[in-house]
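Visitor: Have a look at the structure that comes next, please.
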Amino acid sequence: MIRRLAILSLAILIFTGETSFAQEESQKAVLITGASTGIGRNMAETLAKEGYFVYAGARKQADIEALSAIENIEGIRLDVTLQDDIDAAVSRVREAGRGLYGLINNAGVSVAGPMIEISEEDLWFQLNVNIFGVYRVTRAFAPLIIESKGRIITIGSISGVLSGFFSGPYAMSKHAMEAYTDALSAEMEKFDVSVSIIEPGNYNSSISRTRVERLIASGETGEGSLYEDEMKEMLQDPIDRSRYKEPDEVSVAALHALSDPKPHLRYMVVPRSEEGWITVWVGLAKLMQMNETQAYKFSREELIEMLDEAIEFAESRNRPPSN
């Protein structure tokens with residue numbers, strides 16, 4: 001019930017009349033990668049309920065069938081590391097004749113460990129899915145999105161700003177998505193295609209459990225590591241993310257990015273104010289560190305003036321267009 005109220009409250013702002021924006025002219029189609037569980041599954045179900053037709057990417061046949069059993073959803077085989085899967089998905093969407101209005105790059109994995117010890121194989125696995133997967137899928141579906149003057153959304157993370165102990169590989173991949181989004185947004189503006197990144201905080205998902213399961217399956221025990229105690233603790237006591245909120249708010253942000261006349265470039269979506277505070281503080285602290293070490297250091301007064309200008313710029317980007 002809470003989830004539905006949250007979605008409906010936003011819908012009041014972005015929909016008019018009795019018919020959703022997705023259905024004003026014809027049913028808009030959206031493809032979501034990594035839709036079998038977690039944020040991807042939540043978004044798929046939410047968008048389908050709001051009238052979108054969702055192509056829900058998954059790797060396992062059982063997940064594809066389960067997704068296809070939901071109204072307005074078609075499960076589609078899509079491993080973002082396999083070009084053959086991506087090409088087949090493009091052909092399937094084209095053959096269906098609906099076009100493609102939205103692409104949501106959600107598929108992702110998490111690798112953890114010390115930067116001076118992580119294997120090249122594990123680091124490549126992290127970057128292959130989270131960076132090159134987004135690159136491959138977006139490149140392949142871009143012609144369809146350009147045809148519809150649609151929307152491209154990537155699920156980033158507050159780890160695109162934050163990084164720390166053992167989180168380097170994952171944070172590297174999400175930092176990359178920040179730069180990718182800025183470049184893609186500038187380049188797609190020529191085609192009237194809006195680009196957004198959603199940066200969630202800590203919501204319920206299986207990402208920590210699967211990360212540890214992958215390490216254990218590879219034979220990792222922590223023995224002999226320079227971080228042996230920390231590695232063993234991580235393997236024996238993975239973060240229980242089931243205590244976190246369901247990612248309904250992330251789906252609401254995706255709905256806004258798809259249907260608002262002027263979507264935001266960035267949506268930071270966090271379940272607790274503390275997560276928002278630390279992310280913004282760290283972002284500002286990094287800028288202050290840069291300023292301290294440059295030859296043309298700006299004064300406090302100049303920095304405050306810059307901050308005021310940046311706030312005004314951000315607010316102007318987020319205002320609805322005038323009539």
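By convention here, the chains of the structure tokens are called A, B, ... in the order presented, each chain's residues are numbered starting at 1, and ligands are numbered starting at 1 in the order presented.
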Distance table requested - region 145-214 of chain A against region 27-30 of chain A, cut-off 10 Å, only C-alpha atoms: one row per qualifying residue with the closest atom pair and its distance in Å to one decimal, ordered by chain and rising residue number, as CSV.
Guide:
residue,atom,partner,partner_atom,distance
A:Ile145,CA,A:Val30,CA,9.8
A:Ser148,CA,A:Lys28,CA,9.6
A:Gly150,CA,A:Val30,CA,9.5
A:Arg151,CA,A:Val30,CA,9.1
A:Ile152,CA,A:Val30,CA,9.6
Visitor: List every residue of region 116-283 of chain A that DSSP, applied to the backbone of this structure, places in strand (DSSP E or B), and write the result as a ChimeraX atom specification.
Guide: /A:151-155,194-200,266-269
Visitor: Out of A:Ala112, A:Ile155, A:Met177, A:Val252, which residue has the shortest atom-to-atom distance to Leu235 (chain A) when counting only C-alpha atoms?
Guide: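 The answer is A:Ala112, which sits nearest to Leu235 (chain A).
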Visitor: Report, in Å with one decimal, the straight-line distance from CA of Val111 (chain A) to CA of Val250 (chain A).
Guide: 22.1 Å
Visitor: If we count only C-alpha atoms, what is near Gln61 (chain A) at a cut-off of 10 Å, once residues fewer than 3 positions away on the same chain are taken out, given as a list in words?
Guide: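 Residues near the query, excluding close chain neighbours: Ala58, Ile64, Glu65, Ala66, Leu67, Gly75, Ile76 and Arg77 of chain A.
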Visitor: Given the choices A:Glu305, A:Glu50, A:Glu233, A:Glu315, which gets closest to Glu71 (chain A) if the distance is worked out from only C-alpha atoms?
Guide: A:Glu50
Visitor: For each of A:Gly164, A:Pro247, A:Gly201, A:Pro261, take the minimum atom-to-atom distance to Met43 (chain A), counting only C-alpha atoms, then give the residue where this is smallest.
Guide: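 Counting only C-alpha atoms, the residue closest to Met43 (chain A) is A:Pro247.
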Visitor: Identify, on the basis of only C-alpha atoms, every residue whose closest approach to region 121-137 of chain A does not exceed 10 Å; exclude the query and any residue fewer than 6 positions from it along the same chain; express the result as an MDAnalysis selection string.
Guide: chainID A and resid 33 78:83 85:87 89:90 103:113 115 154:156 168:170 172:177 180 214:215
Visitor: Tell me, in Å to one decimal, how far CA of Glu228 (chain A) is from CA of Phe166 (chain A).
Guide: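 Straight-line distance from CA of Glu228 (chain A) to CA of Phe166 (chain A) works out to 12.3 Å.
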